[in-house]
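So this one's structure08.txt, compact mmCIF, C-alpha atoms (C1' of nucleotides):
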# COMPACT_ATOMS: atom_id res chain seq x y z
CA MET D 49 -5.58 -105.39 47.56
CA ASP D 50 -5.53 -104.55 43.87
CA LYS D 51 -3.95 -101.52 42.26
CA LYS D 52 -6.96 -99.26 42.58
CA ASP D 53 -7.57 -100.15 46.22
CA LEU D 54 -4.00 -99.48 47.18
CA ARG D 55 -3.97 -96.09 45.50
CA ASN D 56 -7.32 -95.11 47.01
CA SER D 57 -6.23 -96.28 50.42
CA LEU D 58 -3.24 -93.98 50.25
CA ILE D 59 -5.36 -91.02 49.10
CA ALA D 60 -7.95 -91.58 51.83
CA THR D 61 -5.38 -91.93 54.60
CA ALA D 62 -3.37 -88.97 53.33
CA THR D 63 -6.48 -86.79 53.13
CA ARG D 64 -7.17 -87.34 56.81
CA LEU D 65 -3.60 -87.14 58.09
CA PHE D 66 -2.44 -84.13 56.02
CA ALA D 67 -5.61 -82.32 57.10
CA GLU D 68 -5.09 -83.11 60.77
CA ARG D 69 -1.39 -82.30 61.00
CA GLY D 70 -0.36 -80.57 57.80
CA LEU D 71 2.02 -81.57 55.02
CA ASN D 72 5.07 -81.31 57.27
CA GLY D 73 3.36 -82.86 60.28
CA VAL D 74 3.05 -86.34 58.78
CA SER D 75 5.82 -88.68 57.68
CA ILE D 76 5.30 -91.02 54.73
CA ARG D 77 6.37 -93.81 57.06
CA GLU D 78 3.43 -93.23 59.37
CA LEU D 79 1.12 -92.57 56.45
CA SER D 80 1.94 -95.77 54.60
CA THR D 81 1.65 -97.81 57.80
CA ALA D 82 -1.77 -96.29 58.51
CA ALA D 83 -2.83 -97.06 54.95
CA GLY D 84 -1.59 -100.62 55.31
CA VAL D 85 0.83 -100.47 52.37
CA SER D 86 4.55 -100.22 51.87
CA ILE D 87 6.29 -96.87 52.10
CA SER D 88 7.73 -97.28 48.61
CA MET D 89 4.25 -97.23 47.05
CA ILE D 90 4.05 -93.48 47.64
CA SER D 91 6.92 -92.84 45.29
CA TYR D 92 5.64 -95.49 42.88
CA TYR D 93 2.13 -94.02 42.53
CA PHE D 94 2.57 -90.37 43.39
CA ASP D 95 6.24 -89.64 42.78
CA GLY D 96 6.85 -88.85 46.45
CA LYS D 97 5.15 -87.13 49.35
CA GLU D 98 4.49 -83.83 47.59
CA GLY D 99 2.89 -85.58 44.64
CA LEU D 100 0.53 -87.36 47.02
CA TYR D 101 -0.32 -84.05 48.65
CA SER D 102 -1.12 -82.43 45.30
CA SER D 103 -3.41 -85.35 44.39
CA VAL D 104 -5.27 -84.91 47.68
CA LEU D 105 -5.56 -81.18 47.06
CA SER D 106 -6.95 -81.65 43.53
CA GLU D 107 -9.58 -84.05 44.76
CA GLN D 108 -10.63 -81.81 47.65
CA PHE D 109 -11.04 -78.71 45.49
CA SER D 110 -12.75 -80.39 42.56
CA CYS D 111 -16.12 -79.76 44.25
CA PHE D 112 -15.78 -76.05 43.52
CA GLU D 113 -16.82 -76.88 39.95
CA TYR D 114 -20.39 -77.02 41.27
CA MET D 115 -20.41 -73.25 41.71
CA LYS D 116 -20.64 -72.87 37.93
CA SER D 117 -23.99 -74.65 37.93
CA ILE D 118 -25.32 -72.13 40.44
CA LYS D 119 -24.35 -69.33 38.06
CA GLU D 120 -26.31 -70.94 35.21
CA ARG D 121 -29.51 -71.36 37.21
CA ASP D 122 -32.65 -69.89 35.81
CA THR D 123 -33.61 -68.06 39.01
CA GLY D 124 -33.11 -64.67 40.64
CA PRO D 125 -30.06 -63.40 42.60
CA LEU D 126 -31.67 -63.98 46.00
CA ASP D 127 -32.36 -67.60 45.15
CA LYS D 128 -28.80 -68.05 43.88
CA ILE D 129 -27.42 -66.60 47.11
CA GLU D 130 -29.47 -69.04 49.15
CA GLU D 131 -28.18 -71.82 46.93
CA TYR D 132 -24.62 -70.61 47.51
CA ILE D 133 -25.09 -70.77 51.27
CA ARG D 134 -26.70 -74.20 51.05
CA TRP D 135 -23.90 -75.50 48.85
CA SER D 136 -21.20 -74.01 51.12
CA ILE D 137 -22.65 -75.73 54.15
CA HIS D 138 -23.15 -78.98 52.26
CA ARG D 139 -19.59 -78.83 50.95
CA ASN D 140 -18.18 -78.46 54.44
CA ARG D 141 -20.29 -81.37 55.66
CA GLU D 142 -19.39 -83.65 52.77
CA TYR D 143 -15.70 -82.76 52.79
CA PRO D 144 -14.94 -82.31 56.49
CA TYR D 145 -11.24 -81.79 55.79
CA LEU D 146 -11.62 -79.29 52.97
CA LEU D 147 -11.63 -76.17 55.15
CA ARG D 148 -8.27 -77.17 56.64
CA TYR D 149 -6.63 -77.32 53.22
CA TYR D 150 -8.48 -74.14 52.29
CA THR D 151 -7.18 -72.10 55.24
CA SER D 152 -3.79 -73.78 55.32
CA GLU D 153 -3.16 -72.97 51.65
CA LEU D 154 -4.41 -69.40 52.05
CA THR D 155 -2.13 -68.68 54.99
CA ASN D 156 0.83 -70.99 54.20
CA PRO D 157 0.62 -71.61 50.46
CA THR D 158 2.50 -74.56 49.02
CA ARG D 159 3.66 -74.61 45.41
CA TYR D 160 0.24 -76.03 44.49
CA PHE D 161 -1.74 -73.01 45.67
CA SER D 162 -1.59 -71.08 42.42
CA VAL D 163 -2.45 -74.13 40.31
CA ILE D 164 -5.20 -75.78 42.33
CA VAL D 165 -6.48 -73.58 45.14
CA GLN D 166 -6.36 -70.03 43.80
CA PRO D 167 -8.30 -70.80 40.58
CA ALA D 168 -11.02 -72.68 42.49
CA LEU D 169 -11.53 -69.90 45.04
CA GLU D 170 -11.32 -67.11 42.50
CA THR D 171 -13.90 -68.71 40.21
CA ALA D 172 -16.35 -69.26 43.06
CA LEU D 173 -15.95 -65.73 44.44
CA GLN D 174 -16.21 -64.12 41.02
CA ILE D 175 -19.49 -65.92 40.43
CA LEU D 176 -20.77 -64.75 43.81
CA ILE D 177 -19.71 -61.19 42.98
CA GLY D 178 -21.58 -61.49 39.68
CA ILE D 179 -24.72 -62.58 41.51
CA ILE D 180 -24.57 -59.58 43.85
CA ARG D 181 -23.95 -57.28 40.90
CA GLU D 182 -26.93 -58.76 39.09
CA GLY D 183 -29.10 -58.04 42.14
CA ILE D 184 -27.95 -54.43 42.22
CA ASP D 185 -28.52 -53.99 38.47
CA LYS D 186 -32.04 -55.36 38.83
CA LYS D 187 -32.69 -52.92 41.71
CA LEU D 188 -33.30 -55.83 44.09
CA PHE D 189 -30.33 -54.87 46.28
CA ARG D 190 -29.28 -51.41 47.43
CA GLU D 191 -27.06 -49.65 44.92
CA GLU D 192 -24.63 -48.44 47.61
CA LEU D 193 -23.36 -52.00 48.03
CA ASN D 194 -19.87 -52.79 46.82
CA PRO D 195 -20.24 -56.23 45.14
CA GLU D 196 -16.73 -57.42 46.02
CA ASP D 197 -16.89 -56.60 49.73
CA THR D 198 -20.42 -57.92 49.96
CA ALA D 199 -19.48 -61.25 48.36
CA LEU D 200 -16.50 -61.61 50.72
CA ALA D 201 -18.75 -60.84 53.69
CA MET D 202 -21.14 -63.55 52.58
CA ALA D 203 -18.41 -66.15 52.00
CA GLY D 204 -16.74 -65.25 55.29
CA MET D 205 -19.93 -65.64 57.28
CA VAL D 206 -20.48 -69.23 56.18
CA ASN D 207 -16.87 -70.37 56.23
CA TYR D 208 -16.21 -68.92 59.67
CA TYR D 209 -19.10 -70.88 61.13
CA PHE D 210 -17.11 -74.04 60.35
CA LEU D 211 -13.67 -72.58 60.97
CA SER D 212 -14.60 -71.49 64.49
CA THR D 213 -16.08 -74.85 65.50
CA LEU D 214 -13.24 -75.91 67.79
CA ALA D 215 -13.39 -72.64 69.74
CA THR D 216 -17.17 -72.31 69.91
CA GLN D 217 -18.59 -75.81 70.23
CA LYS D 218 -19.20 -75.29 73.94
CA PHE D 219 -21.69 -72.49 73.31
CA VAL D 220 -22.79 -72.87 69.68
CA ASN D 221 -24.61 -75.95 68.42
CA HIS D 222 -22.83 -77.08 65.25
CA SER D 223 -24.90 -80.19 64.54
CA PRO D 224 -26.06 -80.79 60.94
CA GLU D 225 -29.68 -80.93 62.11
CA ARG D 226 -29.52 -77.19 62.56
CA ASP D 227 -28.20 -76.54 59.02
CA GLU D 228 -31.53 -75.57 57.44
CA GLU D 229 -32.26 -73.21 60.31
CA LEU D 230 -28.79 -71.73 59.82
CA ILE D 231 -29.42 -71.16 56.11
CA ARG D 232 -32.66 -69.32 56.89
CA HIS D 233 -30.94 -67.34 59.59
CA TYR D 234 -27.99 -66.30 57.44
CA MET D 235 -30.36 -65.29 54.63
CA ASP D 236 -32.31 -63.28 57.18
CA ILE D 237 -29.25 -61.46 58.56
CA PHE D 238 -27.89 -60.83 55.11
CA CYS D 239 -31.13 -59.57 53.61
CA LYS D 240 -32.50 -57.50 56.47
CA GLY D 241 -29.50 -56.73 58.65
CA LEU D 242 -29.76 -56.12 62.37
CA MET I 66 23.93 -58.63 71.70
CA ASP I 67 22.76 -58.69 75.32
CA LYS I 68 20.37 -61.15 76.87
CA LYS I 69 17.19 -59.27 76.03
CA ASP I 70 18.20 -58.70 72.42
CA LEU I 71 19.01 -62.33 71.86
CA ARG I 72 15.72 -63.51 73.27
CA ASN I 73 13.75 -60.92 71.32
CA SER I 74 15.59 -61.76 68.14
CA LEU I 75 14.55 -65.40 68.52
CA ILE I 76 10.92 -64.46 69.19
CA ALA I 77 10.78 -62.09 66.22
CA THR I 78 12.35 -64.54 63.81
CA ALA I 79 10.24 -67.43 65.08
CA THR I 80 7.05 -65.38 64.78
CA ARG I 81 7.70 -64.84 61.08
CA LEU I 82 8.98 -68.30 60.23
CA PHE I 83 6.41 -70.34 62.19
CA ALA I 84 3.67 -68.20 60.64
CA GLU I 85 4.99 -68.67 57.12
CA ARG I 86 5.64 -72.40 57.26
CA GLY I 87 4.10 -73.76 60.43
CA LEU I 88 5.63 -75.35 63.54
CA ASN I 89 6.75 -78.44 61.63
CA GLY I 90 7.86 -76.53 58.55
CA VAL I 91 10.79 -74.82 60.25
CA SER I 92 13.86 -76.37 61.85
CA ILE I 93 15.47 -74.79 64.87
CA ARG I 94 18.71 -74.89 62.91
CA GLU I 95 17.35 -72.61 60.21
CA LEU I 96 15.56 -70.47 62.77
CA SER I 97 18.62 -69.85 64.95
CA THR I 98 20.74 -69.07 61.89
CA ALA I 99 18.15 -66.56 60.65
CA ALA I 100 18.08 -64.98 64.11
CA GLY I 101 21.88 -64.84 64.17
CA VAL I 102 22.28 -66.85 67.36
CA SER I 103 23.38 -70.33 68.31
CA ILE I 104 20.97 -73.22 68.05
CA SER I 105 21.49 -74.09 71.69
CA MET I 106 19.98 -70.77 72.79
CA ILE I 107 16.51 -72.08 71.92
CA SER I 108 16.72 -74.76 74.57
CA TYR I 109 18.42 -72.36 76.96
CA TYR I 110 15.74 -69.64 76.80
CA PHE I 111 12.63 -71.52 75.76
CA ASP I 112 13.26 -75.14 76.73
CA GLY I 113 13.16 -76.30 73.11
CA LYS I 114 11.29 -75.66 69.91
CA GLU I 115 7.80 -76.16 71.32
CA GLY I 116 8.49 -73.78 74.18
CA LEU I 117 9.52 -71.12 71.68
CA TYR I 118 6.33 -71.74 69.72
CA SER I 119 4.19 -71.35 72.83
CA SER I 120 5.91 -68.07 73.68
CA VAL I 121 5.18 -66.77 70.19
CA LEU I 122 1.57 -67.88 70.50
CA SER I 123 1.11 -66.16 73.87
CA GLU I 124 2.47 -62.91 72.54
CA GLN I 125 0.33 -63.02 69.40
CA PHE I 126 -2.90 -63.67 71.28
CA SER I 127 -2.30 -61.24 74.12
CA CYS I 128 -3.97 -58.49 72.05
CA PHE I 129 -7.34 -60.19 72.56
CA GLU I 130 -7.33 -58.65 76.03
CA TYR I 131 -8.39 -55.42 74.39
CA MET I 132 -11.83 -56.88 73.68
CA LYS I 133 -12.65 -56.53 77.39
CA SER I 134 -12.27 -52.77 77.17
CA ILE I 135 -14.84 -52.68 74.36
CA LYS I 136 -17.28 -54.48 76.62
CA GLU I 137 -16.83 -51.87 79.35
CA ARG I 138 -17.43 -48.91 77.05
CA ASP I 139 -20.12 -46.48 78.04
CA THR I 140 -21.84 -46.53 74.65
CA GLY I 141 -24.61 -48.41 72.85
CA PRO I 142 -24.44 -51.83 71.14
CA LEU I 143 -24.14 -50.36 67.65
CA ASP I 144 -21.17 -48.26 68.65
CA LYS I 145 -19.55 -51.28 70.31
CA ILE I 146 -20.03 -53.34 67.16
CA GLU I 147 -18.34 -50.66 65.10
CA GLU I 148 -15.53 -50.61 67.62
CA TYR I 149 -15.25 -54.40 67.34
CA ILE I 150 -14.88 -54.18 63.55
CA ARG I 151 -12.34 -51.37 63.84
CA TRP I 152 -10.33 -53.29 66.41
CA SER I 153 -10.45 -56.50 64.32
CA ILE I 154 -9.09 -54.72 61.29
CA HIS I 155 -6.48 -52.88 63.33
CA ARG I 156 -5.42 -56.13 65.00
CA ASN I 157 -4.87 -57.83 61.65
CA ARG I 158 -2.86 -54.85 60.41
CA GLU I 159 -0.70 -54.60 63.53
CA TYR I 160 -0.14 -58.35 63.84
CA PRO I 161 0.13 -59.50 60.21
CA TYR I 162 0.97 -63.07 61.27
CA LEU I 163 -1.79 -63.46 63.85
CA LEU I 164 -4.43 -64.81 61.46
CA ARG I 165 -2.10 -67.62 60.42
CA TYR I 166 -1.73 -68.82 64.00
CA TYR I 167 -5.45 -68.26 64.50
CA THR I 168 -6.52 -70.47 61.57
CA SER I 169 -3.70 -72.95 61.97
CA GLU I 170 -4.60 -73.57 65.62
CA LEU I 171 -8.31 -73.82 64.83
CA THR I 172 -7.80 -76.40 62.11
CA ASN I 173 -4.67 -78.18 63.37
CA PRO I 174 -4.56 -77.48 67.10
CA THR I 175 -1.30 -77.98 68.97
CA ARG I 176 -1.23 -78.77 72.67
CA TYR I 177 -1.28 -75.01 73.31
CA PHE I 178 -4.65 -74.43 71.69
CA SER I 179 -6.74 -75.07 74.81
CA VAL I 180 -4.48 -72.96 77.03
CA ILE I 181 -3.75 -69.94 74.84
CA VAL I 182 -5.97 -69.81 71.75
CA GLN I 183 -9.32 -71.17 72.85
CA PRO I 184 -9.68 -68.87 75.89
CA ALA I 185 -8.76 -65.79 73.85
CA LEU I 186 -11.23 -66.55 71.08
CA GLU I 187 -14.00 -67.64 73.43
CA THR I 188 -13.74 -64.50 75.53
CA ALA I 189 -13.85 -62.23 72.48
CA LEU I 190 -16.79 -64.05 70.92
CA GLN I 191 -18.74 -64.18 74.18
CA ILE I 192 -18.36 -60.43 74.55
CA LEU I 193 -19.59 -59.95 70.98
CA ILE I 194 -22.55 -62.23 71.67
CA GLY I 195 -23.31 -60.16 74.77
CA ILE I 196 -23.30 -56.97 72.71
CA ILE I 197 -25.76 -58.44 70.18
CA ARG I 198 -27.95 -59.69 73.04
CA GLU I 199 -27.90 -56.24 74.62
CA GLY I 200 -29.06 -54.74 71.32
CA ILE I 201 -31.94 -57.19 71.13
CA ASP I 202 -32.94 -56.56 74.74
CA LYS I 203 -32.97 -52.83 74.12
CA LYS I 204 -35.17 -53.38 71.01
CA LEU I 205 -32.48 -51.85 68.82
CA PHE I 206 -32.02 -55.10 66.87
CA ARG I 207 -34.70 -57.47 65.60
CA GLU I 208 -35.74 -60.03 68.20
CA GLU I 209 -35.65 -62.91 65.68
CA LEU I 210 -31.85 -62.74 65.65
CA ASN I 211 -29.93 -65.57 67.26
CA PRO I 212 -27.09 -63.78 69.13
CA GLU I 213 -24.58 -66.63 68.70
CA ASP I 214 -25.01 -67.05 64.94
CA THR I 215 -25.10 -63.30 64.45
CA ALA I 216 -21.85 -62.79 66.36
CA LEU I 217 -20.14 -65.55 64.36
CA ALA I 218 -21.40 -63.98 61.12
CA MET I 219 -19.90 -60.66 62.17
CA ALA I 220 -16.56 -62.14 63.19
CA GLY I 221 -16.42 -64.25 60.03
CA MET I 222 -17.07 -61.31 57.77
CA VAL I 223 -14.08 -59.34 59.06
CA ASN I 224 -11.65 -62.22 59.44
CA TYR I 225 -12.40 -63.62 56.00
CA TYR I 226 -11.52 -60.31 54.41
CA PHE I 227 -7.95 -60.88 55.59
CA LEU I 228 -7.94 -64.65 55.22
CA SER I 229 -8.93 -64.46 51.56
CA THR I 230 -6.28 -61.88 50.64
CA LEU I 231 -4.01 -64.24 48.73
CA ALA I 232 -6.86 -65.50 46.54
CA THR I 233 -8.58 -62.14 45.99
CA GLN I 234 -5.85 -59.52 45.76
CA LYS I 235 -6.17 -59.42 41.97
CA PHE I 236 -9.74 -58.15 42.15
CA VAL I 237 -10.20 -56.74 45.66
CA ASN I 238 -8.18 -53.80 46.93
CA HIS I 239 -6.79 -54.78 50.35
CA SER I 240 -4.79 -51.65 51.05
CA PRO I 241 -5.03 -50.10 54.54
CA GLU I 242 -6.14 -46.79 53.02
CA ARG I 243 -9.48 -48.40 52.35
CA ASP I 244 -9.95 -49.62 55.95
CA GLU I 245 -12.25 -46.81 57.11
CA GLU I 246 -14.42 -47.25 54.02
CA LEU I 247 -14.51 -50.98 54.77
CA ILE I 248 -15.66 -50.35 58.34
CA ARG I 249 -18.50 -48.14 57.11
CA HIS I 250 -19.40 -50.67 54.47
CA TYR I 251 -19.46 -53.62 56.84
CA MET I 252 -21.58 -51.64 59.31
CA ASP I 253 -23.90 -50.79 56.44
CA ILE I 254 -24.27 -54.41 55.26
CA PHE I 255 -24.70 -55.67 58.77
CA CYS I 256 -27.23 -53.06 59.84
CA LYS I 257 -29.38 -52.78 56.74
CA GLY I 258 -28.72 -56.01 54.81
CA LEU I 259 -29.01 -56.24 51.05
C1' DG E 197 3.15 -104.33 41.50
C1' DT E 198 4.68 -104.71 46.09
C1' DC E 199 7.80 -105.68 49.43
C1' DT E 200 12.18 -105.28 52.70
C1' DA E 201 16.39 -103.29 53.58
C1' DT E 202 19.31 -99.57 53.32
C1' DA E 203 21.61 -95.17 51.81
C1' DT E 204 21.69 -90.52 52.90
C1' DT E 205 20.26 -86.48 54.85
C1' DG E 206 18.52 -83.57 58.32
C1' DC E 207 16.24 -83.24 62.71
C1' DG E 208 16.07 -81.69 68.04
C1' DA E 209 18.66 -81.76 71.98
C1' DT E 210 22.72 -81.29 74.79
C1' DA E 211 27.64 -81.88 76.73
C1' DG E 212 31.33 -79.33 77.45
C1' DA E 213 34.64 -75.46 76.14
C1' DC E 214 35.13 -70.63 76.92
C1' DG F 260 25.48 -66.56 78.69
C1' DT F 261 26.90 -68.25 74.34
C1' DC F 262 29.25 -71.08 71.42
C1' DT F 263 30.86 -75.52 68.71
C1' DA F 264 30.70 -80.26 68.12
C1' DT F 265 28.29 -84.31 68.34
C1' DC F 266 24.83 -87.90 69.71
C1' DG F 267 20.92 -90.56 68.59
C1' DC F 268 16.99 -90.71 66.00
C1' DA F 269 13.68 -90.17 62.25
C1' DA F 270 13.01 -88.36 57.80
C1' DT F 271 12.57 -89.30 52.36
C1' DA F 272 13.83 -91.85 48.74
C1' DT F 273 15.29 -95.92 46.32
C1' DA F 274 17.82 -100.36 45.04
C1' DG F 275 16.95 -104.82 44.50
C1' DA F 276 14.43 -109.25 45.83
C1' DC F 277 10.23 -111.59 44.70
Structure re-expressed in structure tokens:
Amino acid sequence: MDKKDLRNSLIATATRLFAERGLNGVSIRELSTAAGVSISMISYYFDGKEGLYSSVLSEQFSCFEYMKSIKERDTGPLDKIEEYIRWSIHRNREYPYLLRYYTSELTNPTRYFSVIVQPALETALQILIGIIREGIDKKLFREELNPEDTALAMAGMVNYYFLSTLATQKFVNHSPERDEELIRHYMDIFCKGL
Amino acid sequence: MDKKDLRNSLIATATRLFAERGLNGVSIRELSTAAGVSISMISYYFDGKEGLYSSVLSEQFSCFEYMKSIKERDTGPLDKIEEYIRWSIHRNREYPYLLRYYTSELTNPTRYFSVIVQPALETALQILIGIIREGIDKKLFREELNPEDTALAMAGMVNYYFLSTLATQKFVNHSPERDEELIRHYMDIFCKGL
DNA sequence: GTCTATATTGCGATAGAC
DNA sequence: GTCTATCGCAATATAGAC
């Protein structure tokens, strides 16, 4: 195993284990064994357990950069909102552990929250707020809408679908095959209401 | 300090500390010191750290019982939905640590998830689904709506408002004085859409 | 660069005094 | 019923061999 493989092996194993049991729920002993490397490599490459955690966090939240490309799109607010929903679902599928870091950092922030997590979430939400505001300005959406609350409602709707999986899988089908239907359905609820 | 006080002191301290740093993030040493009692009292009253955690969890989720009274109300679906939103907001205000256990158990379930958390959440969501279904049956809501997805969208909207607090407090006013306005606004978004 | 072995600290649980 | 003192174990970090 060369240098790159060893480092990547640690990141991959840590991503899964920290997500499943939290920063304090995993020992570097167990983690290094699961990664198939020596325990001392964690200090060597990441300067200890917390350094490894912050590397995992950076990697997981880097995908929020994509939100900026939605902002720059040459389409209308409604299309951008659909793209936001599609991206949110895709993001949760591609990074199955992301939501755990997301919620864990929001409710039990580590010292890395303000540096890695907060900026990523704030940027994404501010862009979504801007999209709603644009729709109101262009008279496409009702002017009574508060852009901030509306954006949070939108983000909450999508994220909660994934967050609730463990409690709802017995009566809600969470399979990826249904994702496109879900996007249409969420757009429908959000545009027309009940 | 008599027996009841000592036990309550442990529950109160544990509720705060486990919420802030998770089950594995707090030692019973620190916890008993913060509660002002001896470390051995945790085993004596709760049969160890995990027993104390499960007692905290039971207490936090007992408020979900209230959802059954919303189901039995002698009003229409729209009124029940408003009551659901009002209760959700009130619940998060009255139990400021509840959402942390809620999300922590959903993303990193302990052995108590299936006994305490899952039943509480499932019951509440099933009642909400029933309310949406009732509205569709009575032709009050559009028949294209999928009751399950719609209920999850509703629940997600309210919960995310609280979940996102730490990342959004700079640009969204989360003060309780705005709660009634929020209820009206969420009802408005949900009923009429954009 | 990677390992093994170990130093040191802190953990949860409990025996036994009062 | 509540405490102090301690046991046995597992944690992180690192020194030193290769």
Task: Surrounding residues of range 270-272 of chain F excluding itself and chain neighbours under 4 positions, 8 Å, only C-alpha atoms (C1' of nucleotides), as a VMD selection string - done: (chain D and resid 75 to 76 91 96) or (chain E and resid 206 to 207)
TODO: Give as a list in words every residue of chain I that touches chain F within 12 Å, counting only C-alpha atoms (C1' of nucleotides).
DONE: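 Listed by rising number, the hits are Met66, Asp67, Lys68, Lys69, Leu71, Arg72, Gly101, Val102, Ser103, Ile104, Ser105, Met106, Ile107, Tyr109 and Tyr110 of chain I.
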- [ ] Quick one: pull the distance between CA of Ser169 in chain I and CA of Tyr226 in chain I, Å, one decimal.
- [x]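 Between CA of Ser169 in chain I and CA of Tyr226 in chain I the gap is 16.7 Å.
In this model, the gap between CA of Glu130 in chain I and CA of Thr188 in chain I comes to 8.7 Å.
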Open item on the list: Measuring between only C-alpha atoms, which one of D:Tyr208, D:Gln217, D:Asp236, D:Arg226 shows the shortest distance to chain I?
Closed with: D:Tyr208
Against chain D, which residues of chain E fall within 8 Å? For each one I want the closest pair of atoms and the distance in Å (one decimal), counting only C-alpha atoms (C1' of nucleotides), rows by chain and increasing residue number, as a tab-separated table.
residue	atom	partner	partner_atom	distance
E:DG197	C1'	D:Lys51	CA	7.7
E:DT198	C1'	D:Ser86	CA	7.3
E:DC199	C1'	D:Ser86	CA	6.8
TODO: Work out how far CA of Leu79 in chain D is from CA of Ala62 in chain D, in Å to one decimal.
DONE: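 Interatomic distance here is 6.5 Å.
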Can you check which parts of chain D lie within 7 Å of chain I? Per residue, the shortest pair of atoms and distance in Å to one decimal, counting only C-alpha atoms, sorted by chain and number, as JSON lines.
{"residue": "D:Glu68", "atom": "CA", "partner": "I:Asn173", "partner_atom": "CA", "distance": 5.6}
{"residue": "D:Arg69", "atom": "CA", "partner": "I:Asn173", "partner_atom": "CA", "distance": 5.8}
{"residue": "D:Asn72", "atom": "CA", "partner": "I:Asn89", "partner_atom": "CA", "distance": 5.5}
{"residue": "D:Gly73", "atom": "CA", "partner": "I:Asn89", "partner_atom": "CA", "distance": 5.7}
{"residue": "D:Arg148", "atom": "CA", "partner": "I:Thr172", "partner_atom": "CA", "distance": 5.5}
{"residue": "D:Thr151", "atom": "CA", "partner": "I:Thr168", "partner_atom": "CA", "distance": 6.6}
{"residue": "D:Ser152", "atom": "CA", "partner": "I:Ser169", "partner_atom": "CA", "distance": 6.7}
{"residue": "D:Leu154", "atom": "CA", "partner": "I:Leu231", "partner_atom": "CA", "distance": 6.1}
{"residue": "D:Thr155", "atom": "CA", "partner": "I:Arg165", "partner_atom": "CA", "distance": 5.5}
{"residue": "D:Asn156", "atom": "CA", "partner": "I:Glu85", "partner_atom": "CA", "distance": 5.6}
{"residue": "D:Gln166", "atom": "CA", "partner": "I:Ala232", "partner_atom": "CA", "distance": 5.3}
{"residue": "D:Leu169", "atom": "CA", "partner": "I:Ala232", "partner_atom": "CA", "distance": 6.6}
{"residue": "D:Glu170", "atom": "CA", "partner": "I:Ala232", "partner_atom": "CA", "distance": 6.2}
{"residue": "D:Phe189", "atom": "CA", "partner": "I:Leu259", "partner_atom": "CA", "distance": 5.1}
{"residue": "D:Arg190", "atom": "CA", "partner": "I:Leu259", "partner_atom": "CA", "distance": 6.0}
{"residue": "D:Glu196", "atom": "CA", "partner": "I:Val237", "partner_atom": "CA", "distance": 6.6}
{"residue": "D:Leu200", "atom": "CA", "partner": "I:Tyr226", "partner_atom": "CA", "distance": 6.3}
{"residue": "D:Ala201", "atom": "CA", "partner": "I:Met222", "partner_atom": "CA", "distance": 4.4}
{"residue": "D:Met202", "atom": "CA", "partner": "I:Met222", "partner_atom": "CA", "distance": 7.0}
{"residue": "D:Gly204", "atom": "CA", "partner": "I:Met222", "partner_atom": "CA", "distance": 4.7}
{"residue": "D:Met205", "atom": "CA", "partner": "I:Ala218", "partner_atom": "CA", "distance": 4.4}
{"residue": "D:Tyr208", "atom": "CA", "partner": "I:Gly221", "partner_atom": "CA", "distance": 4.7}
{"residue": "D:Tyr209", "atom": "CA", "partner": "I:Leu217", "partner_atom": "CA", "distance": 6.3}
{"residue": "D:Leu211", "atom": "CA", "partner": "I:Leu171", "partner_atom": "CA", "distance": 6.7}
{"residue": "D:Ser212", "atom": "CA", "partner": "I:Leu171", "partner_atom": "CA", "distance": 6.7}
{"residue": "D:Leu214", "atom": "CA", "partner": "I:Leu171", "partner_atom": "CA", "distance": 6.1}
{"residue": "D:Ala215", "atom": "CA", "partner": "I:Gln183", "partner_atom": "CA", "distance": 5.3}
{"residue": "D:Thr216", "atom": "CA", "partner": "I:Glu187", "partner_atom": "CA", "distance": 6.7}
{"residue": "D:Val220", "atom": "CA", "partner": "I:Glu213", "partner_atom": "CA", "distance": 6.6}
{"residue": "D:Ile237", "atom": "CA", "partner": "I:Gly258", "partner_atom": "CA", "distance": 6.6}
{"residue": "D:Phe238", "atom": "CA", "partner": "I:Gly258", "partner_atom": "CA", "distance": 4.9}
{"residue": "D:Cys239", "atom": "CA", "partner": "I:Gly258", "partner_atom": "CA", "distance": 4.5}
{"residue": "D:Lys240", "atom": "CA", "partner": "I:Gly258", "partner_atom": "CA", "distance": 4.4}
{"residue": "D:Gly241", "atom": "CA", "partner": "I:Gly258", "partner_atom": "CA", "distance": 4.0}
{"residue": "D:Leu242", "atom": "CA", "partner": "I:Cys256", "partner_atom": "CA", "distance": 4.7}
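Those DNA, RNA and protein residues that approach the point (13.6, -98.5, 55.6) to within 9 Å, considering all atoms listed in the file, are Arg77 and Ile87 of chain D; DT200, DA201 and DT202 of chain E.
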